[in-house]
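Source file: upload02.cif; contents: mmCIF, C-alpha atoms.
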data_query
#
loop_
_atom_site.label_atom_id
_atom_site.label_comp_id
_atom_site.auth_asym_id
_atom_site.auth_seq_id
_atom_site.Cartn_x
_atom_site.Cartn_y
_atom_site.Cartn_z
CA MET A 25 -30.47 -0.06 0.33
CA LYS A 26 -27.68 -2.00 1.94
CA LYS A 27 -24.19 -0.78 1.31
CA LYS A 28 -22.14 -3.28 -0.62
CA VAL A 29 -18.58 -4.14 0.29
CA VAL A 30 -16.08 -6.57 -1.20
CA LEU A 31 -13.20 -8.01 0.82
CA VAL A 32 -10.36 -9.44 -1.26
CA GLY A 33 -7.80 -11.83 0.17
CA GLY A 34 -6.67 -12.15 3.76
CA TYR A 35 -7.76 -14.61 6.38
CA GLN A 36 -8.13 -13.63 10.03
CA LYS A 37 -8.55 -9.94 9.33
CA THR A 38 -11.09 -10.70 6.61
CA TYR A 39 -13.03 -13.05 8.85
CA ALA A 40 -13.22 -10.56 11.70
CA LEU A 41 -14.00 -7.67 9.39
CA ALA A 42 -16.75 -9.59 7.60
CA LYS A 43 -18.43 -10.47 10.88
CA SER A 44 -18.21 -6.94 12.16
CA LEU A 45 -19.41 -5.30 8.94
CA ARG A 46 -22.30 -7.73 8.69
CA THR A 47 -23.64 -6.67 12.06
CA LYS A 48 -23.43 -3.09 10.83
CA GLY A 49 -25.73 -3.93 7.96
CA TYR A 50 -23.36 -4.21 5.03
CA GLU A 51 -23.84 -6.68 2.23
CA ILE A 52 -20.58 -8.57 2.03
CA THR A 53 -18.77 -10.34 -0.78
CA ILE A 54 -15.52 -12.14 -0.08
CA ILE A 55 -13.03 -13.11 -2.79
CA ASN A 56 -10.29 -15.46 -1.70
CA LEU A 57 -7.74 -17.59 -3.48
CA ASN A 58 -7.51 -20.15 -0.69
CA TYR A 59 -10.28 -22.74 -0.95
CA GLN A 60 -9.94 -23.82 2.67
CA HIS A 61 -10.32 -20.25 3.83
CA CYS A 62 -13.39 -19.85 1.65
CA ILE A 63 -15.00 -22.82 3.38
CA GLU A 64 -14.33 -21.25 6.74
CA PHE A 65 -15.73 -17.91 5.63
CA ALA A 66 -18.87 -19.78 4.60
CA GLN A 67 -19.70 -20.28 8.27
CA ILE A 68 -20.63 -16.62 8.44
CA GLU A 69 -24.27 -16.24 7.49
CA ASP A 70 -25.56 -14.19 4.59
CA ILE A 71 -22.34 -13.43 2.78
CA HIS A 72 -21.28 -14.09 -0.78
CA ILE A 73 -18.05 -15.97 -1.28
CA LEU A 74 -16.09 -16.40 -4.46
CA HIS A 75 -13.07 -18.65 -4.71
CA GLY A 76 -10.54 -17.04 -7.06
CA ASP A 77 -7.73 -14.56 -7.62
CA GLY A 78 -9.01 -11.05 -6.90
CA THR A 79 -6.31 -9.43 -9.01
CA ARG A 80 -7.96 -10.88 -12.11
CA PRO A 81 -10.63 -8.69 -13.67
CA TYR A 82 -12.82 -11.61 -14.71
CA ILE A 83 -13.00 -12.83 -11.12
CA LEU A 84 -14.04 -9.37 -9.94
CA ASP A 85 -16.54 -9.37 -12.77
CA ASP A 86 -17.93 -12.75 -11.66
CA ALA A 87 -18.32 -11.35 -8.17
CA GLY A 88 -20.46 -8.60 -9.66
CA ILE A 89 -18.79 -5.77 -7.83
CA TYR A 90 -19.87 -3.03 -10.24
CA ASP A 91 -20.75 0.18 -8.40
CA PHE A 92 -20.04 -1.35 -5.00
CA ASP A 93 -19.64 1.13 -2.18
CA LEU A 94 -16.42 -0.21 -0.76
CA ALA A 95 -13.54 -2.49 -1.71
CA ILE A 96 -10.99 -3.60 0.86
CA ALA A 97 -7.80 -5.34 -0.30
CA LEU A 98 -6.30 -7.48 2.43
CA THR A 99 -3.89 -9.82 0.68
CA ARG A 100 -0.39 -10.35 1.98
CA ARG A 101 1.21 -8.70 -1.04
CA ASP A 102 1.38 -4.93 -1.32
CA ASP A 103 1.47 -5.04 -5.12
CA ASP A 104 -1.62 -7.24 -5.32
CA ASN A 105 -3.49 -4.92 -2.98
CA LEU A 106 -2.60 -1.94 -5.15
CA VAL A 107 -3.76 -3.67 -8.32
CA ILE A 108 -6.98 -4.89 -6.70
CA CYS A 109 -7.88 -1.39 -5.56
CA GLU A 110 -6.99 0.17 -8.90
CA LEU A 111 -9.05 -2.38 -10.83
CA CYS A 112 -12.01 -1.93 -8.48
CA LYS A 113 -11.86 1.80 -8.86
CA LYS A 114 -11.18 2.18 -12.55
CA LYS A 115 -12.76 -0.84 -14.12
CA PHE A 116 -15.63 -1.51 -11.75
CA ASN A 117 -16.40 1.96 -10.51
CA VAL A 118 -16.23 1.04 -6.82
CA LYS A 119 -16.78 4.21 -4.81
CA ARG A 120 -14.18 3.82 -2.12
CA THR A 121 -11.08 1.65 -1.94
CA VAL A 122 -9.07 0.63 1.10
CA ALA A 123 -5.71 -1.12 0.89
CA LEU A 124 -3.67 -2.86 3.52
CA VAL A 125 0.09 -2.30 3.15
CA ASN A 126 2.93 -4.00 4.93
CA ASP A 127 5.69 -1.58 4.14
CA PRO A 128 5.17 1.73 5.99
CA GLU A 129 7.21 3.55 3.34
CA LYS A 130 4.60 2.79 0.70
CA VAL A 131 1.68 4.54 2.36
CA ASP A 132 2.25 7.86 0.60
CA PHE A 133 2.75 6.15 -2.74
CA PHE A 134 -0.55 4.30 -2.40
CA TYR A 135 -2.37 7.56 -1.65
CA LYS A 136 -0.70 9.11 -4.66
CA MET A 137 -2.05 6.28 -6.80
CA GLY A 138 -5.57 7.23 -5.79
CA ILE A 139 -6.34 4.68 -3.10
CA ASP A 140 -8.82 6.36 -0.75
CA SER A 141 -7.59 4.85 2.46
CA VAL A 142 -4.30 3.13 3.18
CA VAL A 143 -3.84 1.13 6.35
CA CYS A 144 -0.38 0.06 7.36
CA SER A 145 -0.74 -2.86 9.71
CA ILE A 146 2.77 -2.50 11.07
CA THR A 147 2.54 1.17 12.05
CA THR A 148 -0.97 0.72 13.38
CA VAL A 149 0.03 -2.17 15.59
CA THR A 150 3.30 -0.66 16.78
CA ASN A 151 1.52 2.59 17.62
CA LEU A 152 -1.02 0.69 19.66
CA ILE A 153 1.67 -1.24 21.47
CA GLU A 154 3.51 1.98 22.20
CA GLN A 155 0.35 3.54 23.54
CA GLN A 156 -0.28 0.61 25.82
CA ALA A 157 3.30 0.24 26.92
CA LEU A 158 3.99 3.91 27.55
CA MET A 159 0.71 4.64 29.25
CA ASP A 160 2.45 6.50 32.07
CA GLN A 161 3.84 8.98 29.60
CA MET A 162 2.32 10.85 26.76
CA SER A 163 1.20 8.71 23.88
CA SER A 164 0.24 9.89 20.48
CA ILE A 165 -3.09 8.55 19.39
CA PHE A 166 -3.78 10.31 16.20
CA GLU A 167 -2.12 12.68 13.80
CA LEU A 168 -4.08 14.99 11.55
CA ASN A 169 -3.12 17.15 8.63
CA GLY A 170 0.23 15.44 8.08
CA GLY A 171 1.19 15.52 11.74
CA LYS A 172 0.55 19.22 12.28
CA VAL A 173 -2.24 18.52 14.72
CA LYS A 174 -1.88 15.78 17.29
CA ILE A 175 -4.41 14.18 19.52
CA THR A 176 -2.59 12.73 22.49
CA GLN A 177 -3.53 11.27 25.78
CA LEU A 178 -1.72 12.35 28.85
CA ALA A 179 -1.84 10.75 32.27
CA ILE A 180 -1.72 13.16 35.19
CA PRO A 181 0.68 11.95 37.87
CA LYS A 182 0.37 12.75 41.59
CA THR A 183 3.18 15.23 41.35
CA ALA A 184 1.72 17.24 38.51
CA PRO A 185 1.24 20.93 39.29
CA VAL A 186 -2.26 20.92 37.83
CA VAL A 187 -3.75 18.39 40.24
CA ASN A 188 -6.86 19.83 41.93
CA LYS A 189 -6.84 22.87 39.69
CA LYS A 190 -9.81 23.89 37.62
CA LEU A 191 -9.39 23.88 33.87
CA TRP A 192 -9.82 27.61 33.53
CA GLU A 193 -7.01 28.14 36.05
CA LEU A 194 -4.52 26.45 33.74
CA ASN A 195 -2.15 28.48 31.68
CA LEU A 196 -2.40 26.45 28.49
CA PRO A 197 -0.95 27.65 25.20
CA GLN A 198 -3.35 29.07 22.63
CA GLU A 199 -3.34 26.14 20.21
CA VAL A 200 -4.12 23.52 22.83
CA VAL A 201 -7.50 22.19 23.87
CA ILE A 202 -8.41 19.54 26.40
CA GLY A 203 -11.03 17.55 24.53
CA CYS A 204 -11.95 14.96 27.10
CA ILE A 205 -11.00 13.76 30.56
CA LEU A 206 -10.96 10.02 31.21
CA ARG A 207 -11.46 9.30 34.90
CA GLY A 208 -11.72 5.62 35.76
CA ASP A 209 -14.58 4.28 33.69
CA THR A 210 -16.20 7.64 33.10
CA ASN A 211 -15.57 10.20 30.39
CA ILE A 212 -15.96 13.84 31.22
CA VAL A 213 -16.48 16.40 28.52
CA PRO A 214 -14.63 19.21 30.23
CA ARG A 215 -15.87 22.66 31.05
CA GLY A 216 -13.84 25.40 32.64
CA ASP A 217 -14.95 24.54 36.17
CA VAL A 218 -13.94 20.87 36.04
CA ARG A 219 -11.18 20.01 38.47
CA ILE A 220 -8.29 17.81 37.36
CA HIS A 221 -7.66 14.84 39.63
CA GLU A 222 -4.60 12.73 40.09
CA GLY A 223 -4.71 9.76 37.71
CA ASP A 224 -6.92 11.50 35.17
CA ILE A 225 -6.12 10.96 31.55
CA LEU A 226 -6.46 14.07 29.48
CA VAL A 227 -7.20 13.82 25.79
CA MET A 228 -5.43 16.79 24.34
CA ILE A 229 -5.71 18.29 20.88
CA ALA A 230 -2.68 20.40 20.13
CA SER A 231 -0.58 21.81 17.33
CA ASP A 232 2.74 20.04 17.08
CA GLN A 233 4.67 23.16 18.10
CA GLN A 234 2.80 23.87 21.29
CA GLN A 235 2.33 20.29 22.35
CA ALA A 236 5.55 20.06 24.35
CA LEU A 237 4.78 23.34 26.08
CA ALA A 238 1.36 22.09 27.09
CA VAL A 239 2.77 18.85 28.42
CA LYS A 240 5.21 20.80 30.57
CA GLU A 241 2.42 22.96 31.90
CA LEU A 242 0.26 19.96 32.71
CA THR A 243 2.72 17.46 34.13
CA GLY A 244 5.53 19.73 35.23
CA LYS A 245 8.05 17.76 33.19
CA MET B 19 30.46 5.43 -6.08
CA SER B 20 28.41 6.02 -9.17
CA ILE B 21 27.46 3.08 -11.29
CA PHE B 22 27.05 5.20 -14.37
CA ASN B 23 30.39 6.96 -14.52
CA GLY B 24 31.38 8.25 -17.89
CA LYS B 25 28.62 7.93 -20.43
CA ILE B 26 25.23 8.66 -18.98
CA ASP B 27 23.41 8.37 -22.31
CA GLU B 28 21.21 5.38 -21.79
CA SER B 29 20.90 3.16 -18.82
CA THR B 30 18.37 0.41 -18.49
CA LEU B 31 16.99 -1.28 -15.44
CA ILE B 32 15.45 -4.67 -16.00
CA VAL B 33 13.20 -6.09 -13.31
CA GLY B 34 12.91 -9.86 -13.33
CA CYS B 35 15.61 -12.17 -14.64
CA GLY B 36 13.48 -14.79 -16.33
CA ARG B 37 13.98 -15.87 -19.92
CA LEU B 38 12.79 -12.54 -21.29
CA GLY B 39 14.59 -10.37 -18.73
CA ALA B 40 17.85 -12.27 -19.11
CA SER B 41 17.81 -12.20 -22.89
CA LEU B 42 17.10 -8.45 -22.91
CA ALA B 43 19.90 -7.91 -20.40
CA ASN B 44 22.31 -9.89 -22.55
CA ILE B 45 21.42 -7.81 -25.61
CA PHE B 46 21.93 -4.49 -23.81
CA SER B 47 25.17 -5.75 -22.36
CA GLU B 48 26.45 -6.77 -25.80
CA LYS B 49 25.65 -3.30 -27.07
CA GLU B 50 27.80 -1.99 -24.23
CA GLU B 51 25.00 -0.03 -22.68
CA ASN B 52 24.60 0.44 -18.96
CA VAL B 53 22.31 -2.25 -17.69
CA LEU B 54 21.17 -3.36 -14.25
CA ILE B 55 19.02 -6.35 -13.54
CA ILE B 56 17.00 -7.09 -10.40
CA ASP B 57 15.65 -10.45 -9.34
CA ASN B 58 14.62 -11.79 -5.98
CA SER B 59 16.56 -14.99 -6.51
CA LYS B 60 20.29 -15.11 -7.04
CA ASP B 61 20.00 -18.32 -9.03
CA SER B 62 18.07 -16.53 -11.76
CA PHE B 63 21.21 -14.69 -12.81
CA ARG B 64 22.63 -17.97 -14.17
CA LYS B 65 20.59 -17.26 -17.28
CA LEU B 66 22.80 -14.26 -18.03
CA SER B 67 25.58 -14.85 -20.52
CA PRO B 68 29.11 -15.26 -19.12
CA SER B 69 30.13 -12.06 -20.86
CA PHE B 70 27.38 -10.02 -19.16
CA THR B 71 28.93 -6.77 -17.98
CA GLY B 72 25.98 -5.17 -16.20
CA LEU B 73 25.10 -5.16 -12.53
CA THR B 74 22.94 -7.67 -10.77
CA ILE B 75 20.91 -6.86 -7.66
CA VAL B 76 19.13 -9.41 -5.53
CA GLY B 77 15.91 -8.08 -4.04
CA ASN B 78 12.25 -7.36 -4.47
CA ALA B 79 11.65 -4.58 -6.98
CA ILE B 80 8.68 -3.13 -5.13
CA ASP B 81 10.96 -2.41 -2.18
CA PHE B 82 12.00 1.25 -2.30
CA ASN B 83 15.41 0.44 -0.86
CA VAL B 84 16.14 -2.03 -3.63
CA LEU B 85 15.07 0.51 -6.27
CA LYS B 86 17.28 3.15 -4.67
CA GLU B 87 20.19 0.72 -4.67
CA ALA B 88 19.51 0.24 -8.37
CA GLN B 89 19.78 4.03 -8.74
CA ILE B 90 16.32 4.28 -10.19
CA ASP B 91 16.58 8.06 -10.19
CA LYS B 92 19.32 7.85 -12.81
CA VAL B 93 18.06 5.23 -15.24
CA THR B 94 16.38 6.25 -18.48
CA THR B 95 14.49 3.04 -19.13
CA ILE B 96 12.83 0.45 -16.95
CA ILE B 97 11.58 -2.85 -18.26
CA CYS B 98 9.43 -4.86 -15.84
CA VAL B 99 9.25 -8.51 -16.86
CA THR B 100 8.75 -10.48 -13.65
CA ASP B 101 6.34 -13.38 -13.70
CA ASN B 102 3.91 -11.43 -11.51
CA ASP B 103 1.69 -8.85 -13.19
CA SER B 104 1.03 -6.99 -9.95
CA THR B 105 4.74 -6.56 -9.28
CA ASN B 106 5.26 -5.28 -12.82
CA ILE B 107 2.40 -2.82 -12.52
CA MET B 108 3.46 -1.50 -9.13
CA THR B 109 7.11 -1.14 -10.12
CA ALA B 110 6.06 0.77 -13.23
CA GLN B 111 3.86 3.08 -11.21
CA ILE B 112 6.64 3.76 -8.73
CA ALA B 113 9.05 4.45 -11.59
CA LYS B 114 6.66 6.83 -13.33
CA SER B 115 5.07 8.65 -10.45
CA MET B 116 7.92 8.91 -7.97
CA TYR B 117 11.05 8.90 -10.14
CA HIS B 118 9.71 10.12 -13.47
CA VAL B 119 11.63 7.53 -15.44
CA GLU B 120 11.44 8.35 -19.14
CA ASN B 121 10.62 4.97 -20.67
CA VAL B 122 8.72 2.39 -18.73
CA ILE B 123 7.73 -0.84 -20.44
CA ILE B 124 6.02 -3.73 -18.68
CA ARG B 125 4.91 -7.17 -19.62
CA LEU B 126 1.44 -8.29 -18.52
CA TYR B 127 0.31 -11.88 -18.81
CA ASP B 128 -3.32 -10.94 -18.29
CA PRO B 129 -4.44 -8.61 -21.12
CA GLU B 130 -7.62 -7.74 -19.23
CA ARG B 131 -5.59 -5.76 -16.73
CA ALA B 132 -3.95 -3.63 -19.38
CA CYS B 133 -6.84 -1.33 -20.22
CA THR B 134 -6.88 -0.01 -16.65
CA TYR B 135 -3.37 1.24 -17.10
CA GLN B 136 -3.55 2.86 -20.51
CA ASP B 137 -3.29 6.46 -19.36
CA MET B 138 -0.55 5.86 -16.83
CA GLY B 139 2.30 6.82 -19.12
CA PHE B 140 3.89 3.43 -19.45
CA GLU B 141 3.78 0.91 -22.24
CA THR B 142 2.36 -2.56 -21.84
CA ILE B 143 3.45 -5.63 -23.73
CA LEU B 144 0.83 -8.36 -23.86
CA PRO B 145 2.28 -11.70 -24.95
CA ALA B 146 -1.18 -13.26 -25.28
CA ILE B 147 -2.31 -10.59 -27.71
CA LEU B 148 0.99 -10.57 -29.62
CA SER B 149 0.98 -14.34 -29.96
CA THR B 150 -2.63 -14.41 -31.04
CA ALA B 151 -1.93 -11.89 -33.76
CA GLU B 152 1.18 -13.70 -34.93
CA ILE B 153 -0.43 -17.14 -34.97
CA THR B 154 -3.49 -15.97 -36.90
CA LYS B 155 -1.24 -14.07 -39.30
CA ARG B 156 0.86 -17.14 -40.03
CA LEU B 157 -2.18 -19.35 -40.38
CA ASP B 158 -3.80 -16.87 -42.75
CA LYS B 159 -0.63 -16.82 -44.79
CA LYS B 160 -0.46 -20.62 -45.03
CA ARG B 161 -4.10 -20.92 -45.84
CA GLY B 162 -3.78 -18.21 -48.41
CA ILE B 163 -1.03 -20.15 -50.18
CA LEU B 164 -2.94 -23.39 -50.09
#
Just dump the structure as structure tokens.
Amino acid sequence: MKKKVVLVGGYQKTYALAKSLRTKGYEITIINLNYQHCIEFAQIEDIHILHGDGTRPYILDDAGIYDFDLAIALTRRDDDNLVICELCKKKFNVKRTVALVNDPEKVDFFYKMGIDSVVCSITTVTNLIEQQALMDQMSSIFELNGGKVKITQLAIPKTAPVVNKKLWELNLPQEVVIGCILRGDTNIVPRGDVRIHEGDILVMIASDQQQALAVKELTGK
Amino acid sequence: MSIFNGKIDESTLIVGCGRLGASLANIFSEKEENVLIIDNSKDSFRKLSPSFTGLTIVGNAIDFNVLKEAQIDKVTTIICVTDNDSTNIMTAQIAKSMYHVENVIIRLYDPERACTYQDMGFETILPAILSTAEITKRLDKKRGIL
């Protein structure tokens, strides 16, 4: 059976998400307060569209979202997104709820209120920009377990002491693993006998304490 | 500087300075209780009586910084009466879950939303339900007399 997902509010993000989820085989329902936007969404094939306010239970009821697999709240207002997710979860028994928040400070609060997944567009975008802008240095990609484990990518400059060394020759700290080496267009899943080249990008999984140590070992800085 | 110097018995934070919020604020102020009122528009505070002695804060109540400025950690009661149900709900949840405010009362225009929030530890006032009850009561009374 197709997994059912409801997207509430939003415009560009909703449009892109609906298209992408549709190709992945989801059955999509969109609820949007803006009639013009609804008409544009209607250009996507095979999706259900309901024009109305998704924070109102009777609208959600009309959309028939009982026991849906996923609800994603994408309105511009943090409070509306919270209410949408809470209604979906408690009143309509939706299995998983995702909320978009604008204010990075509210992420923890949303999790505390039982939202399964909270996406802060501002932090996500600024992190991406940082990654792209600071490519020459270390950039944090992902934090796990409240920031205790970090997955970072690290470019190896010409001057790095590890250039042309094999992985097993490195003196890496205990809590650090090189998970992947990106070399040009190819990805290398590293083994001990893989040599590090200049310009390689190492994907490193490290505890937050030993990360700096590992970076020093790898880049000499 | 502490807003609540001296008597720290009861202090009330009112969110939303509409007709209801303003009239509540005026009542608390007359009773010489500590009262703060938040609204995102400065013009709304015109509804307060000239003798209002409480504090007014311009800002959005779901903004943590605004709530901190309102010393939410020190108030004993929060009344959320903005014209947006979502804002009222979210402010109440912040007050209860993050600051453990003793009394939280919110107004909800849409009674359908209320049942979702019954076990959240805050009270909901539903004007539609209250008015319905009052109107039918009065009608019954009149018809009974007739």
task: Excluding Tyr135 (chain B) and residues on its chain fewer than 6 positions from it, collect all residues at most 9 Å away from it, counting all atoms listed in the file, and give them as number ranges by chain.
output: B: 107, 141-142
Given the selection you just returned, output its residues as a file containing C-alpha atoms, formatted as a short mmCIF file (atom, residue, chain, number, x, y, z; two decimals), keeping the file's coordinate frame.
data_model
loop_
_atom_site.label_atom_id
_atom_site.label_comp_id
_atom_site.auth_asym_id
_atom_site.auth_seq_id
_atom_site.Cartn_x
_atom_site.Cartn_y
_atom_site.Cartn_z
CA ILE B 107 2.40 -2.82 -12.52
CA GLU B 141 3.78 0.91 -22.24
CA THR B 142 2.36 -2.56 -21.84
#
Write out as a Markdown table the residues of chain A that have any atom within 9 Å of an atom of chain B, one row each with the nearest atom pair and its distance in Å to one decimal, counting all atoms listed in the file, sorted by chain and then rising number.
| residue | atom | partner | partner_atom | distance |
| --- | --- | --- | --- | --- |
| A:Thr79 | CA | B:Ser104 | CA | 7.8 |
| A:Arg80 | CA | B:Arg131 | CA | 7.3 |
| A:Pro81 | CA | B:Glu130 | CA | 6.4 |
| A:Tyr82 | CA | B:Glu130 | CA | 7.9 |
| A:Asp102 | CA | B:Ile80 | CA | 8.4 |
| A:Asp103 | CA | B:Ser104 | CA | 5.2 |
| A:Asp104 | CA | B:Ser104 | CA | 5.3 |
| A:Asn105 | CA | B:Ser104 | CA | 8.6 |
| A:Leu106 | CA | B:Met108 | CA | 7.3 |
| A:Val107 | CA | B:Ser104 | CA | 6.1 |
| A:Ile108 | CA | B:Ser104 | CA | 8.9 |
| A:Glu110 | CA | B:Thr134 | CA | 7.8 |
| A:Leu111 | CA | B:Thr134 | CA | 6.6 |
| A:Lys114 | CA | B:Thr134 | CA | 6.3 |
| A:Lys115 | CA | B:Thr134 | CA | 6.5 |
| A:Asp127 | CA | B:Asp81 | CA | 8.3 |
| A:Glu129 | CA | B:Phe82 | CA | 7.7 |
| A:Lys130 | CA | B:Phe82 | CA | 8.1 |
| A:Phe133 | CA | B:Ile112 | CA | 7.5 |
| A:Lys136 | CA | B:Ser115 | CA | 8.2 |
| A:Met137 | CA | B:Gln111 | CA | 8.0 |
query: CA of Val30 (chain A) to CA of Glu51 (chain A): how many Å, to one decimal?
result: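 Between CA of Val30 (chain A) and CA of Glu51 (chain A) the gap is 8.5 Å.
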Polymer residues at most 9 Å from Gly138 (chain A), only C-alpha atoms, same-chain spacing of 3 or more positions, as an MDAnalysis selection string: chainID A and resid 109:110 113 121 133:135 141
query: With only C-alpha atoms as the basis for distance, which of B:Ile55, B:Val84, B:Ala40, B:Leu157 is at the shortest distance from Gly72 (chain B)?
result: B:Ile55
task: Mind checking which residues fall within 7 Å of region 143-145 of chain B, counting all atoms listed in the file, ignoring those fewer than 3 positions away in the same chain, and posting them as JSON, numbers by chain?
output: {"B": [124, 125, 126, 127, 129, 148, 149]}
task: Figure out the distance between CA of Asn151 (chain A) and CA of Lys174 (chain A), please, to one decimal in Å.
output: 13.6 Å
task: May I ask for the distance between CA of Ile146 (chain A) and CA of Val131 (chain A), given in Å to one decimal place?
output: 11.3 Å
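Selection check: the PyMOL selection byres ((chain B and resi 58) around 10) on the shown file gives B:Val33, B:Gly34, B:Cys35, B:Ile56, B:Asp57, B:Ser59, B:Lys60, B:Asp61, B:Ser62, B:Phe63, B:Ile75, B:Val76, B:Gly77, B:Asn78, B:Ala79, B:Thr100.
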task: Can you pull out every residue within 12 Å of region 32-38 of chain A, counting only C-alpha atoms, but drop anything in the same chain fewer than 6 positions away, and send it as a ChimeraX atom specification?
output: /A:44-46,52-65,68,72-80,83-84,87,89,94-102,104-109,111-112,121-125,145
field: Selection result of the PyMOL selection byres ((chain B and resi 51) around 9) on this file, as a list of chain:residue names
entry: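 The output of the PyMOL selection byres ((chain B and resi 51) around 9) on this file is B:Asp27, B:Glu28, B:Ser29, B:Thr30, B:Phe46, B:Ser47, B:Glu48, B:Lys49, B:Glu50, B:Asn52, B:Val53, B:Gly72.
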Limited to C-alpha atoms, could you put the picked residues into a file as a PDB file, in the coordinates of the input?
ATOM      1  CA  ASP B  27      23.410   8.370 -22.310  1.00  0.00           C
ATOM      2  CA  GLU B  28      21.210   5.380 -21.790  1.00  0.00           C
ATOM      3  CA  SER B  29      20.900   3.160 -18.820  1.00  0.00           C
ATOM      4  CA  THR B  30      18.370   0.410 -18.490  1.00  0.00           C
ATOM      5  CA  PHE B  46      21.930  -4.490 -23.810  1.00  0.00           C
ATOM      6  CA  SER B  47      25.170  -5.750 -22.360  1.00  0.00           C
ATOM      7  CA  GLU B  48      26.450  -6.770 -25.800  1.00  0.00           C
ATOM      8  CA  LYS B  49      25.650  -3.300 -27.070  1.00  0.00           C
ATOM      9  CA  GLU B  50      27.800  -1.990 -24.230  1.00  0.00           C
ATOM     10  CA  ASN B  52      24.600   0.440 -18.960  1.00  0.00           C
ATOM     11  CA  VAL B  53      22.310  -2.250 -17.690  1.00  0.00           C
ATOM     12  CA  GLY B  72      25.980  -5.170 -16.200  1.00  0.00           C
TER      13      GLY B  72
END
Picked residues, the PyMOL selection byres ((chain A and resi 224) around 9), expected as a PyMOL selection string: chain A and resi 178-181+205-208+220-223+225-226
query: At most 8 Å from (3.3, 14.8, 37.0), file frame, all atoms listed in the file: which residues, as a PyMOL selection string?
result: chain A and resi 180-185+242-245
- request: Find, counting all atoms listed in the file, the residue in A:Val142, A:Ile153, A:Val227, A:Cys204 that gets nearest to Phe166 (chain A).
  value: A:Val227
Take region 60-72 of chain A, model N, CA and C atoms, and hand the result over as a short mmCIF file (atom, residue, chain, number, x, y, z; two decimals), in the coordinates of the input.
data_model
loop_
_atom_site.label_atom_id
_atom_site.label_comp_id
_atom_site.auth_asym_id
_atom_site.auth_seq_id
_atom_site.Cartn_x
_atom_site.Cartn_y
_atom_site.Cartn_z
N GLN A 60 -9.69 -23.49 1.27
CA GLN A 60 -9.94 -23.82 2.67
C GLN A 60 -10.48 -22.61 3.44
N HIS A 61 -9.86 -21.46 3.18
CA HIS A 61 -10.32 -20.25 3.83
C HIS A 61 -11.76 -19.91 3.42
N CYS A 62 -12.04 -20.12 2.14
CA CYS A 62 -13.39 -19.85 1.65
C CYS A 62 -14.42 -20.67 2.41
N ILE A 63 -14.07 -21.95 2.66
CA ILE A 63 -15.00 -22.82 3.38
C ILE A 63 -15.24 -22.28 4.78
N GLU A 64 -14.16 -21.79 5.39
CA GLU A 64 -14.33 -21.25 6.74
C GLU A 64 -15.16 -19.96 6.74
N PHE A 65 -14.94 -19.14 5.72
CA PHE A 65 -15.73 -17.91 5.63
C PHE A 65 -17.22 -18.24 5.49
N ALA A 66 -17.48 -19.40 4.88
CA ALA A 66 -18.87 -19.78 4.60
C ALA A 66 -19.67 -20.01 5.88
N GLN A 67 -18.97 -20.11 7.00
CA GLN A 67 -19.70 -20.28 8.27
C GLN A 67 -20.41 -19.00 8.69
N ILE A 68 -19.94 -17.87 8.14
CA ILE A 68 -20.63 -16.62 8.44
C ILE A 68 -21.91 -16.59 7.60
N GLU A 69 -23.01 -16.22 8.22
CA GLU A 69 -24.27 -16.24 7.49
C GLU A 69 -24.38 -15.07 6.52
N ASP A 70 -25.16 -15.28 5.48
CA ASP A 70 -25.56 -14.19 4.59
C ASP A 70 -24.41 -13.46 3.90
N ILE A 71 -23.36 -14.14 3.55
CA ILE A 71 -22.34 -13.43 2.78
C ILE A 71 -22.07 -14.19 1.49
N HIS A 72 -21.63 -13.46 0.49
CA HIS A 72 -21.28 -14.09 -0.78
C HIS A 72 -19.80 -14.41 -0.78
#
